[in-house]
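Engineer: Got run29.cif for you, mmCIF, C-alpha atoms:
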data_input
#
loop_
_atom_site.label_atom_id
_atom_site.label_comp_id
_atom_site.auth_asym_id
_atom_site.auth_seq_id
_atom_site.Cartn_x
_atom_site.Cartn_y
_atom_site.Cartn_z
CA MET A 1 -83.07 -26.61 60.21
CA PHE A 2 -82.16 -29.56 62.44
CA HIS A 3 -79.57 -31.99 61.11
CA TYR A 4 -79.24 -35.08 63.29
CA TYR A 5 -75.65 -35.85 62.30
CA ASP A 6 -74.47 -32.30 62.96
CA CYS A 7 -76.23 -32.21 66.33
CA SER A 8 -74.74 -35.58 67.28
CA GLU A 9 -71.20 -34.44 66.43
CA LEU A 10 -71.70 -31.17 68.28
CA LEU A 11 -73.04 -33.05 71.30
CA PHE A 12 -69.97 -35.29 71.42
CA ARG A 13 -67.72 -32.24 71.16
CA ALA A 14 -69.60 -30.35 73.89
CA VAL A 15 -69.42 -33.38 76.21
CA LYS A 16 -65.68 -33.81 75.58
CA ASP A 17 -65.19 -30.09 76.25
CA ALA A 18 -67.24 -30.42 79.48
CA ASN A 19 -69.49 -27.60 78.23
CA PHE A 20 -72.65 -28.18 80.28
CA GLU A 21 -74.57 -25.25 78.80
CA GLU A 22 -73.89 -26.38 75.23
CA VAL A 23 -74.84 -29.99 76.02
CA ASN A 24 -78.10 -28.76 77.54
CA ARG A 25 -78.77 -26.47 74.55
CA LEU A 26 -78.14 -29.25 72.02
CA LEU A 27 -80.39 -31.67 73.88
CA SER A 28 -83.14 -29.04 73.88
CA ILE A 29 -82.74 -28.47 70.14
CA ALA A 30 -82.83 -32.21 69.40
CA SER A 31 -85.89 -32.68 71.60
CA ALA A 32 -87.76 -29.80 69.98
CA ALA A 33 -86.90 -31.01 66.47
CA THR A 34 -87.60 -34.72 66.90
CA GLY A 35 -89.78 -35.02 70.00
CA THR A 36 -87.26 -37.41 71.55
CA ILE A 37 -83.59 -37.41 72.42
CA PHE A 38 -83.20 -41.12 73.20
CA ASP A 39 -81.30 -41.85 69.97
CA ILE A 40 -78.94 -38.91 70.16
CA VAL A 41 -77.95 -39.44 73.82
CA ASN A 42 -77.27 -43.13 73.14
CA GLU A 43 -75.51 -42.66 69.80
CA GLU A 44 -72.22 -44.53 69.40
CA ASP A 45 -69.38 -42.96 67.46
CA ASP A 46 -67.00 -44.95 65.24
CA ASN A 47 -64.97 -45.96 68.32
CA GLY A 48 -67.99 -47.30 70.19
CA MET A 49 -68.17 -44.31 72.53
CA THR A 50 -71.41 -42.63 73.61
CA PRO A 51 -71.85 -39.13 75.02
CA LEU A 52 -72.33 -40.72 78.47
CA ILE A 53 -69.11 -42.71 78.21
CA GLU A 54 -67.26 -39.53 77.22
CA ALA A 55 -68.79 -37.66 80.18
CA CYS A 56 -67.73 -40.48 82.51
CA ILE A 57 -64.19 -40.38 81.14
CA SER A 58 -64.01 -36.62 81.72
CA GLY A 59 -65.58 -37.03 85.17
CA ASP A 60 -68.12 -34.25 84.76
CA GLU A 61 -70.87 -35.15 87.22
CA ARG A 62 -73.30 -32.47 85.99
CA ILE A 63 -73.11 -33.70 82.40
CA VAL A 64 -73.36 -37.35 83.49
CA ARG A 65 -76.54 -36.55 85.44
CA LEU A 66 -77.98 -34.44 82.59
CA LEU A 67 -77.41 -37.22 80.07
CA LEU A 68 -78.90 -39.86 82.37
CA ASP A 69 -81.89 -37.61 83.07
CA SER A 70 -82.25 -37.16 79.30
CA GLY A 71 -82.51 -40.90 78.65
CA ALA A 72 -78.90 -42.00 78.24
CA LYS A 73 -78.57 -45.66 79.14
CA SER A 74 -76.15 -46.46 81.95
CA GLN A 75 -75.22 -49.49 79.87
CA LEU A 76 -75.90 -50.51 76.32
CA TRP A 77 -75.84 -54.22 75.58
CA CYS A 78 -73.41 -55.25 72.86
CA ALA A 79 -71.45 -52.02 73.25
CA LYS A 80 -67.68 -51.88 72.83
CA HIS A 81 -67.29 -49.85 76.02
CA THR A 82 -69.28 -49.13 79.16
CA PRO A 83 -69.75 -45.85 81.03
CA LEU A 84 -68.87 -47.55 84.32
CA ARG A 85 -65.53 -48.81 83.04
CA GLY A 86 -64.86 -45.38 81.52
CA ALA A 87 -65.32 -43.74 84.92
CA ALA A 88 -63.32 -46.46 86.69
CA ILE A 89 -60.31 -46.46 84.38
CA CYS A 90 -60.04 -42.67 84.67
CA GLY A 91 -60.26 -42.63 88.47
CA HIS A 92 -63.64 -40.88 88.69
CA HIS A 93 -64.90 -42.64 91.82
CA HIS A 94 -67.62 -40.01 92.34
CA ILE A 95 -69.31 -41.09 89.08
CA ILE A 96 -69.49 -44.80 89.99
CA PRO A 97 -72.42 -44.62 92.47
CA ILE A 98 -74.37 -42.39 90.07
CA LEU A 99 -74.09 -45.00 87.32
CA LEU A 100 -74.81 -47.93 89.62
CA ASN A 101 -77.89 -46.15 90.98
CA ALA A 102 -78.97 -45.62 87.35
CA GLY A 103 -78.84 -49.37 86.74
CA ALA A 104 -75.31 -50.02 85.48
CA ASN A 105 -74.20 -53.62 85.93
CA PRO A 106 -70.81 -53.72 87.71
CA ASN A 107 -69.94 -57.04 86.02
CA LEU A 108 -70.88 -56.07 82.46
CA VAL A 109 -67.83 -56.48 80.26
CA SER A 110 -66.59 -54.23 77.51
CA GLU A 111 -64.38 -55.16 74.59
CA GLY A 112 -61.66 -57.60 75.62
CA ASN A 113 -63.87 -59.08 78.37
CA ARG A 114 -62.81 -56.22 80.65
CA THR A 115 -64.88 -55.32 83.71
CA PRO A 116 -65.14 -51.96 85.47
CA LEU A 117 -63.21 -53.51 88.40
CA MET A 118 -60.36 -54.34 86.02
CA GLY A 119 -60.41 -50.74 84.82
CA ALA A 120 -60.19 -49.53 88.42
CA CYS A 121 -57.11 -51.72 88.86
CA PHE A 122 -55.34 -50.52 85.72
CA LEU A 123 -55.93 -46.77 85.71
CA ARG A 124 -54.78 -44.38 83.05
CA GLU A 125 -51.29 -43.07 83.74
CA ASN A 126 -52.43 -39.53 84.57
CA VAL A 127 -54.57 -40.57 87.56
CA PRO A 128 -52.96 -39.22 90.76
CA LYS A 129 -51.46 -41.79 93.15
CA GLU A 130 -53.81 -40.83 95.99
CA LYS A 131 -56.83 -41.79 93.83
CA ARG A 132 -55.63 -45.29 92.92
CA ALA A 133 -57.87 -47.30 95.25
CA LEU A 134 -60.91 -45.00 95.28
CA CYS A 135 -62.70 -46.60 92.33
CA VAL A 136 -62.07 -50.11 93.69
CA LYS A 137 -63.53 -48.96 97.02
CA ALA A 138 -66.50 -47.28 95.31
CA LEU A 139 -67.35 -50.46 93.39
CA PHE A 140 -67.11 -52.65 96.49
CA ASP A 141 -69.00 -50.11 98.60
CA CYS A 142 -71.94 -50.28 96.20
CA TYR A 143 -71.78 -53.99 95.30
CA PRO A 144 -69.74 -55.86 97.94
CA LEU A 145 -71.17 -59.29 97.11
CA ASP A 146 -71.79 -58.97 93.37
CA LEU A 147 -68.29 -58.17 92.11
CA ASP A 148 -66.24 -61.07 90.84
CA PRO A 149 -62.54 -60.34 91.43
CA THR A 150 -61.59 -63.70 89.85
CA ARG A 151 -63.05 -62.98 86.40
CA ARG A 152 -60.40 -62.84 83.66
CA ASN A 153 -60.12 -60.62 80.60
CA SER A 154 -59.25 -61.89 77.11
CA PHE A 155 -55.55 -61.79 78.09
CA GLY A 156 -56.19 -64.08 81.08
CA GLU A 157 -55.70 -61.30 83.66
CA SER A 158 -57.88 -60.75 86.72
CA ALA A 159 -58.40 -57.44 88.49
CA LEU A 160 -55.90 -58.61 91.12
CA ASP A 161 -53.32 -59.38 88.42
CA LEU A 162 -53.77 -55.89 86.98
CA ALA A 163 -53.45 -54.23 90.40
CA ARG A 164 -50.23 -56.19 90.98
CA ILE A 165 -48.85 -55.17 87.58
CA ARG A 166 -49.43 -51.51 88.49
CA GLY A 167 -48.29 -51.93 92.10
CA TYR A 168 -51.54 -50.61 93.59
CA GLU A 169 -51.00 -51.91 97.14
CA GLU A 170 -54.25 -50.65 98.65
CA SER A 171 -56.28 -52.08 95.76
CA ILE A 172 -54.42 -55.39 96.12
CA GLN A 173 -55.41 -55.57 99.80
CA ILE A 174 -59.08 -54.88 99.00
CA LEU A 175 -59.09 -57.51 96.25
CA GLU A 176 -57.33 -60.13 98.37
CA LYS A 177 -59.96 -59.63 101.08
CA ALA A 178 -62.68 -60.04 98.42
CA MET A 179 -60.95 -63.20 97.13
CA ASP A 180 -61.21 -64.71 100.62
CA ARG A 181 -64.96 -64.09 100.45
CA VAL A 182 -65.24 -65.81 97.06
CA ALA A 183 -63.13 -68.86 98.04
#
Rewrite the structure of this file - the entire thing - as structure tokens.
Structural biologist:
Amino acid sequence: MFHYYDCSELLFRAVKDANFEEVNRLLSIASAATGTIFDIVNEEDDNGMTPLIEACISGDERIVRLLLDSGAKSQLWCAKHTPLRGAAICGHHHIIPILLNAGANPNLVSEGNRTPLMGACFLRENVPKEKRALCVKALFDCYPLDLDPTRRNSFGESALDLARIRGYEESIQILEKAMDRVA
């Protein structure tokens, strides 16, 4: 017997474990039991995370594509977090064009008025040094005129401020060039 809550929890676990086969199996079970998987692929947990956000954080391109193909929204309005910022803050530059091509808004803010560009300028500590500017580049490659490097988060910090705090020289150069365009 299908239990939505159990399937949802198992889906989150399978995504976090980067278990493509299990994610695919659970989506098939949910689809067969309910006729749709829209709700389960867009379900938010208590922390405001969705399976797609978790897949973007882990950087698993196959799972990201499977979830998008299964109806996961590249952005949910009024969400605490966004998949694009999840990919950006974790240094998964290869996920950024996938999300943007699926309709993600590069200026949509998550909690704290934080943009994906800000996430790309304040990466998680475990992101290797050689990957620091790749997400900034990926965002500007896809949306060179739409990104606003001057936007400030709820702490009054811009993407450039965050890159300076972290000492991301290459990102600083990209952002300063973008600032010239905005001025």
Engineer: Hey, can you pull every residue with an atom no more than 12 Å from (-55.2, -58.5, 87.5), using all atoms listed in the file, and send it as a ChimeraX atom specification?
Structural biologist: /A:114-115,117-123,148-168,171-172,175-176
Engineer: Given all atoms listed in the file, how would the per-residue table for segment 70-183 of chain A near segment 26-32 of chain A read, listing every residue at most 12 Å away with its closest atom pair and distance in Å to one decimal, sorted by chain and number, as a tab-separated table?
Structural biologist:
residue	atom	partner	partner_atom	distance
A:Ser70	CA	A:Leu27	CA	7.9
A:Gly71	CA	A:Leu27	CA	10.6
A:Ala72	CA	A:Leu27	CA	11.3
Engineer: Put a box with edges along x, y and z around all the listed atoms of segment 37-55 of chain A, pad it by 6 Å on each side, then give me its centre and sizes in Å, one decimal, as AutoDock Vina command-line options.
Structural biologist:
--center_x -74.3 --center_y -42.4 --center_z 72.7 --size_x 30.6 --size_y 21.9 --size_z 26.9
Engineer: Taking into account all atoms listed in the file, which residue in the set A:Leu145, A:Ala178, A:Ile53, A:Leu139 is nearest to Ile96 of chain A?
Structural biologist: A:Leu139
Engineer: Quote the spacing between atom CA of Cys142 of chain A and atom CA of Leu100 of chain A in Å to one decimal place.
Structural biologist: 7.6 Å
Engineer: Set the distance at 12 Å and use only C-alpha atoms: which residues neighbour Asn19 of chain A once local chain neighbours fewer than 5 positions away are removed? I'd like the list as a list of chain:residue names.
Structural biologist: A:Leu10, A:Leu11, A:Phe12, A:Arg13, A:Ala14, A:Asn24, A:Arg25, A:Leu26, A:Ala55, A:Ser58, A:Asp60, A:Glu61, A:Arg62, A:Ile63, A:Val64, A:Leu66
Engineer: For the atom pair atom CA of Leu76 of chain A and atom CA of Leu147 of chain A, what is the interatomic distance in Å to one decimal place?
Structural biologist: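 One can read the atom CA of Leu76 of chain A to atom CA of Leu147 of chain A distance as 19.1 Å.
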Engineer: Which residues, named as in the file, does the PyMOL selection byres ((chain A and resi 41-51) around 7) pick out? Answer as a ChimeraX atom specification.
Structural biologist: /A:12,15,37-40,52-55,67,71-73,79-81
Engineer: Name the residues that the PyMOL selection byres ((chain A and resi 87) around 8) picks from the file above, as number ranges by chain, using the file's chain letters and numbers.
Structural biologist: A: 53, 56-59, 83-86, 88-93, 95-96
Engineer: May I ask for the distance between atom CA of Asn126 of chain A and atom CA of Asn105 of chain A, given in Å to one decimal place?
Structural biologist: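 A separation of 26.0 Å between them.
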Engineer: I'd like to know which of A:Glu111, A:Asp146, A:Glu170, A:Glu22 is closest to Leu134 of chain A, using only C-alpha atoms.
Structural biologist: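 Under the stated criterion, the closest residue is A:Glu170.
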Engineer: Of the candidates A:Glu169, A:Pro97, A:Gly35, A:Ala102, which shows the shortest atom-to-atom distance to Arg132 of chain A, using all atoms listed in the file?
Structural biologist: A:Glu169
